[in-house]
Structures are given as structure tokens and as C-alpha cells.
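Asks: entry29.txt is reproduced below (compact mmCIF, C-alpha atoms).
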```txt
# COMPACT_ATOMS: atom_id res chain seq x y z
CA MET A 1 199.61 35.63 6.50
CA THR A 2 197.13 38.27 5.40
CA VAL A 3 193.51 38.06 6.43
CA PRO A 4 190.90 39.77 4.27
CA SER A 5 189.39 42.65 6.23
CA GLU A 6 185.82 41.90 5.07
CA TYR A 7 185.92 38.71 7.17
CA ASN A 8 187.08 40.43 10.34
CA VAL A 9 184.36 41.08 12.91
CA ASP A 10 184.75 43.84 15.47
CA ASP A 11 184.91 42.32 18.96
CA GLY A 12 185.37 38.82 17.48
CA PHE A 13 182.62 36.29 18.21
CA LEU A 14 180.71 38.78 20.35
CA GLY A 15 180.57 41.23 17.45
CA LEU A 16 178.30 38.93 15.45
CA GLY A 17 174.66 39.95 15.14
CA GLU A 18 171.79 38.16 16.84
CA PHE A 19 170.73 36.32 13.68
CA ILE A 20 174.21 34.88 13.11
CA LEU A 21 174.41 33.89 16.78
CA LEU A 22 171.02 32.17 16.47
CA GLU A 23 172.29 30.28 13.41
CA VAL A 24 175.25 29.08 15.49
CA LEU A 25 172.77 27.93 18.16
CA ASN A 26 170.80 26.10 15.50
CA GLU A 27 173.88 24.09 14.50
CA ILE A 28 174.63 22.95 18.05
CA ILE A 29 173.45 19.37 18.51
CA GLU A 30 173.71 18.75 22.27
CA ILE A 31 171.53 20.69 24.73
CA ASN A 32 174.43 20.89 27.24
CA ASP A 33 176.64 22.54 24.61
CA MET A 34 173.83 25.00 23.95
CA LYS A 35 173.67 25.85 27.67
CA GLN A 36 177.41 26.59 27.74
CA TYR A 37 177.05 28.80 24.68
CA LEU A 38 174.22 30.79 26.28
CA VAL A 39 176.03 31.53 29.52
CA ALA A 40 179.16 32.75 27.73
CA ASN A 41 178.21 36.41 28.28
CA LYS A 42 175.30 38.83 28.69
CA LYS A 43 174.87 39.52 24.97
CA ILE A 44 174.44 35.87 24.11
CA TYR A 45 172.32 35.24 27.22
CA LYS A 46 169.82 37.82 25.92
CA LEU A 47 169.15 35.51 22.96
CA LYS A 48 166.90 33.42 25.23
CA ASP A 49 164.28 36.18 24.89
CA HIS A 50 164.42 36.14 21.07
CA SER A 51 161.30 34.78 19.35
CA ARG A 52 163.33 32.25 17.34
CA PHE A 53 165.05 30.86 20.41
CA GLN A 54 162.00 28.93 21.72
CA SER A 55 161.55 27.16 18.39
CA LEU A 56 165.26 26.22 18.40
CA ILE A 57 164.92 24.71 21.87
CA LYS A 58 161.73 22.85 20.90
CA ASN A 59 163.47 21.37 17.86
CA LYS A 60 166.41 20.25 20.00
CA ILE A 61 164.09 18.61 22.52
CA ASP A 62 161.97 16.95 19.85
CA SER A 63 165.05 15.61 18.16
CA ILE A 64 166.29 13.43 21.02
CA ILE A 65 166.94 10.08 19.41
CA TYR A 66 165.80 7.19 21.58
CA ASN A 67 165.74 3.44 21.31
CA PRO A 68 162.82 1.50 22.84
CA LEU A 69 163.94 -1.59 24.74
CA ILE A 70 161.10 -4.03 24.14
CA PRO A 71 161.37 -7.35 26.04
CA SER A 72 159.65 -9.33 23.25
CA LEU A 73 158.68 -8.28 19.74
CA GLU A 74 156.13 -11.09 19.81
CA ASP A 75 154.11 -9.00 22.27
CA ILE A 76 154.48 -5.50 20.82
CA GLU A 77 153.82 -4.09 17.38
CA LEU A 78 155.95 -1.00 16.76
CA ASN A 79 154.90 1.59 14.19
CA ASP A 80 156.90 4.87 14.29
CA ASN A 81 156.27 6.15 17.83
CA THR A 82 153.23 3.94 18.46
CA PHE A 83 153.47 0.79 20.55
CA LYS A 84 150.60 -1.68 20.41
CA ASN A 85 150.29 -4.76 22.60
CA ILE A 86 149.24 -7.64 20.32
CA SER A 87 149.52 -10.54 22.78
CA GLY A 88 147.67 -9.38 25.89
CA LYS A 89 150.74 -10.18 28.03
CA ALA A 90 152.37 -7.61 30.25
CA SER A 91 155.00 -5.64 28.38
CA THR A 92 157.16 -3.05 30.08
CA ILE A 93 159.07 -0.89 27.61
CA LEU A 94 162.20 0.99 28.65
CA PHE A 95 163.81 3.75 26.61
CA ASP A 96 167.48 4.37 25.89
CA PRO A 97 169.33 6.74 26.28
CA ILE A 98 168.99 7.01 30.00
CA ILE A 99 168.04 10.50 31.15
CA ARG A 100 170.58 11.46 33.80
CA SER A 101 169.74 15.13 34.33
CA GLY A 102 167.71 18.00 33.01
CA ILE A 103 164.08 18.35 32.06
CA VAL A 104 162.56 15.96 29.56
CA LYS A 105 159.08 16.00 28.09
CA PHE A 106 157.68 12.51 27.63
CA GLU A 107 154.18 12.36 26.24
CA VAL A 108 151.97 9.27 26.47
CA LEU A 109 148.65 9.02 24.70
CA ASN A 110 146.49 6.30 26.21
CA ILE A 111 144.26 5.09 23.42
CA MET A 112 143.27 1.84 25.08
CA GLY A 113 144.26 -0.02 28.20
CA ILE A 114 147.55 1.44 29.37
CA LEU A 115 147.89 0.40 32.99
CA GLY A 116 150.73 2.58 34.16
CA ILE A 117 153.76 4.71 33.49
CA GLY A 118 156.88 5.25 35.50
CA ILE A 119 160.56 6.02 35.77
CA ALA A 120 163.07 3.30 36.59
CA ASP A 121 166.71 3.38 37.62
CA ASP A 122 169.09 2.16 34.91
CA SER A 123 169.88 -0.93 37.02
CA VAL A 124 166.28 -2.19 36.61
CA SER A 125 165.46 -4.52 33.73
CA TYR A 126 162.30 -6.34 32.69
CA GLN A 127 161.70 -9.74 31.14
CA ARG A 128 158.84 -10.84 28.93
CA ASP A 129 155.40 -10.78 30.61
CA GLN A 130 156.76 -9.02 33.71
CA TRP A 131 154.86 -6.23 35.46
CA PRO A 132 156.73 -3.37 37.15
CA ALA A 133 155.72 -4.68 40.60
CA GLN A 134 157.29 -8.07 39.83
CA VAL A 135 160.80 -6.78 39.22
CA ILE A 136 163.59 -6.94 41.78
CA GLY A 137 164.43 -3.36 42.64
CA TRP A 138 160.92 -2.03 43.21
CA ASP A 139 162.51 0.63 45.44
CA LYS A 140 164.25 2.01 42.33
CA ILE A 141 161.01 2.70 40.45
CA VAL A 142 158.56 5.60 40.51
CA TYR A 143 155.35 4.22 39.06
CA TYR A 144 151.86 5.56 38.49
CA SER A 145 149.14 3.00 37.86
CA SER A 146 145.76 3.82 36.39
CA TRP A 147 144.34 0.45 37.45
CA LYS A 148 141.75 0.52 40.23
CA LYS A 149 141.12 -2.52 42.36
CA GLY A 150 137.96 -4.28 41.27
CA THR A 151 137.75 -2.77 37.79
CA PRO A 152 138.08 -5.11 34.83
CA PHE A 153 140.79 -4.61 32.24
CA GLN A 154 139.50 -3.12 29.00
```
What do you get writing this file as C-alpha cells?

Replies:
Amino acid sequence: MTVPSEYNVDDGFLGLGEFILLEVLNEIIEINDMKQYLVANKKIYKLKDHSRFQSLIKNKIDSIIYNPLIPSLEDIELNDNTFKNISGKASTILFDPIIRSGIVKFEVLNIMGILGIGIADDSVSYQRDQWPAQVIGWDKIVYYSSWKKGTPFQ
């Protein structure tokens, strides 16, 4: 079989230029696959200092697809990434997929009356009108509450 010489690259994959290598990075879907690609050798590792690299990473992080696990849709109104309590009952929302390792940015904007935020083990589940403190497995939850004793809910 003959291979056209214009498609041959000196030094194979490592002979590709930084822009082609960044395009390959852009096509990688999973962050873990991207990590393996970056540690392949010193030339590719240097891409982390490239100005385009940070935007690639940000796009990968922003593109994590999640599924909110809402105990009751009668209590929560969902609009894009905005959750609004419409019943006044406690509503604890979990998110899937479960984060098992790595660094994840999770941003919460408290417009009105959020009482707390936390991280729960995947064995913890919540029912309708159940507060985090009411669940069995409290020792498997890291929870920050903004409620102060004696202050009314607003």
C-alpha cells in the first residue's frame, strides 16, 4: 500500500504543530482523557501554557451535563439552570452525575431564601419536604447552613 507523502508527518503525532494539537484537545470530550493526552510527553505538556488552552478547559468544565434529582416537581419550578421553590416546603435537590474525583466548580446564586448548600454521599437520598438534617446518614453529608437561630425565614 502506498501512502501519499504529503500526509506523512515527521516524528508522527509529536511532529504536529501546537495548533493541530490544540484542535485534537478541543475534540476530546472527557476531562480524564484530556489529562492522559497532556501527560503523554513534554511537548504536549507545554500546551497547558498556551493562551487557547485555558478556554478549552473552561469549555470542558462548563459542558458537564448534569441531571437535577428533584424530590417533587410540585415544589420546584425548573427553568434552565434556575430552581424556584413554589410551595414553601423543604426541597433538597441532588445532582447526577456523582462527582467521584477532581475539581468541580459549582456556583449558587442566592436570590432569595436559600437556607444551605452541601455535599452528600451517593448513598444519601431525600424525600419530599425533607431537610438535610432529617435524613438518615447525616454523617455522610457536609452541609453549610445560612440560617441563624432566631432569625425569621424570608

Asks: Which polymer residues have any atom within 8 Å of an atom of range 137-146 of chain A, counting only C-alpha atoms, with same-chain residues fewer than 5 positions away left out, as a PDB file with C-alpha atoms, keeping the file's coordinate frame?

Replies:
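Writing the result to result.pdb gives the following:
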```pdb
ATOM      1  CA  ILE A 114     147.550   1.440  29.370  1.00  0.00           C
ATOM      2  CA  LEU A 115     147.890   0.400  32.990  1.00  0.00           C
ATOM      3  CA  GLY A 116     150.730   2.580  34.160  1.00  0.00           C
ATOM      4  CA  ILE A 117     153.760   4.710  33.490  1.00  0.00           C
ATOM      5  CA  GLY A 118     156.880   5.250  35.500  1.00  0.00           C
ATOM      6  CA  ILE A 119     160.560   6.020  35.770  1.00  0.00           C
ATOM      7  CA  ALA A 120     163.070   3.300  36.590  1.00  0.00           C
ATOM      8  CA  ASP A 121     166.710   3.380  37.620  1.00  0.00           C
ATOM      9  CA  VAL A 124     166.280  -2.190  36.610  1.00  0.00           C
ATOM     10  CA  PRO A 132     156.730  -3.370  37.150  1.00  0.00           C
TER      11      PRO A 132
END
```

Asks: Env of range 86-95 of chain A: 6 Å cut, atoms = only C-alpha atoms, seq-sep filter 2 positions within chain, self excluded. Answer as a PyMOL selection string.

Replies: chain A and resi 67-70+75-76+129-131

Asks: Edge lengths and centre in Å to one decimal, as JSON, of the axis-aligned box that encloses all listed atoms of range 127-132 of chain A with 3 Å added on every side?

Replies:
```
{"center_x": 158.3, "center_y": -7.1, "center_z": 33.0, "size_x": 12.8, "size_y": 13.5, "size_z": 14.2}
```

Asks: Restricting the calculation to only C-alpha atoms: of A:Phe53, A:Tyr45, A:Tyr126, A:Phe19, which residue gets closest to Ser72 in chain A?

Replies: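 Counting only C-alpha atoms, the residue closest to Ser72 in chain A is A:Tyr126.
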
Asks: In Å, rounded to a single decimal, give me how far CA of Ile136 in chain A is from CA of Leu73 in chain A.

Replies: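 So the two atoms, CA of Leu73 in chain A and CA of Ile136 in chain A, lie 22.6 Å apart.
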
Asks: Rounded to one decimal in Å, what is the spacing between CA of Leu38 in chain A and CA of Arg52 in chain A?

Replies: 14.2 Å

Asks: Separation of CA of Lys46 in chain A and CA of Met34 in chain A, in Å?

Replies: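 Interatomic distance, CA of Lys46 in chain A to CA of Met34 in chain A: 13.6 Å.
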
Asks: Kindly add N, CA and C atoms to the incomplete range 70-84 of chain A and provide the output as a short mmCIF file (atom, residue, chain, number, x, y, z; two decimals), in the coordinates of the input.

Replies:
```
data_model
loop_
_atom_site.label_atom_id
_atom_site.label_comp_id
_atom_site.auth_asym_id
_atom_site.auth_seq_id
_atom_site.Cartn_x
_atom_site.Cartn_y
_atom_site.Cartn_z
N ILE A 70 162.31 -3.22 24.05
CA ILE A 70 161.10 -4.03 24.14
C ILE A 70 161.50 -5.46 24.51
N PRO A 71 160.98 -6.00 25.62
CA PRO A 71 161.37 -7.35 26.04
C PRO A 71 161.10 -8.43 24.99
N SER A 72 159.99 -8.31 24.25
CA SER A 72 159.65 -9.33 23.25
C SER A 72 158.86 -8.70 22.11
N LEU A 73 159.39 -8.81 20.90
CA LEU A 73 158.68 -8.28 19.74
C LEU A 73 157.47 -9.12 19.37
N GLU A 74 157.33 -10.27 20.01
CA GLU A 74 156.13 -11.09 19.81
C GLU A 74 154.92 -10.49 20.52
N ASP A 75 155.18 -9.61 21.48
CA ASP A 75 154.11 -9.00 22.27
C ASP A 75 153.74 -7.59 21.81
N ILE A 76 154.67 -6.91 21.17
CA ILE A 76 154.48 -5.50 20.82
C ILE A 76 154.64 -5.28 19.33
N GLU A 77 153.70 -4.53 18.77
CA GLU A 77 153.82 -4.09 17.38
C GLU A 77 154.27 -2.63 17.42
N LEU A 78 155.36 -2.34 16.75
CA LEU A 78 155.95 -1.00 16.76
C LEU A 78 155.74 -0.35 15.40
N ASN A 79 155.13 0.83 15.42
CA ASN A 79 154.90 1.59 14.19
C ASN A 79 155.23 3.05 14.48
N ASP A 80 156.38 3.53 13.98
CA ASP A 80 156.90 4.87 14.29
C ASP A 80 157.01 5.02 15.81
N ASN A 81 156.24 5.93 16.38
CA ASN A 81 156.27 6.15 17.83
C ASN A 81 155.06 5.54 18.53
N THR A 82 154.41 4.58 17.89
CA THR A 82 153.23 3.94 18.46
C THR A 82 153.54 2.50 18.81
N PHE A 83 153.23 2.14 20.06
CA PHE A 83 153.47 0.79 20.55
C PHE A 83 152.11 0.14 20.82
N LYS A 84 151.89 -1.01 20.24
CA LYS A 84 150.60 -1.68 20.41
C LYS A 84 150.84 -3.09 20.93
#
```
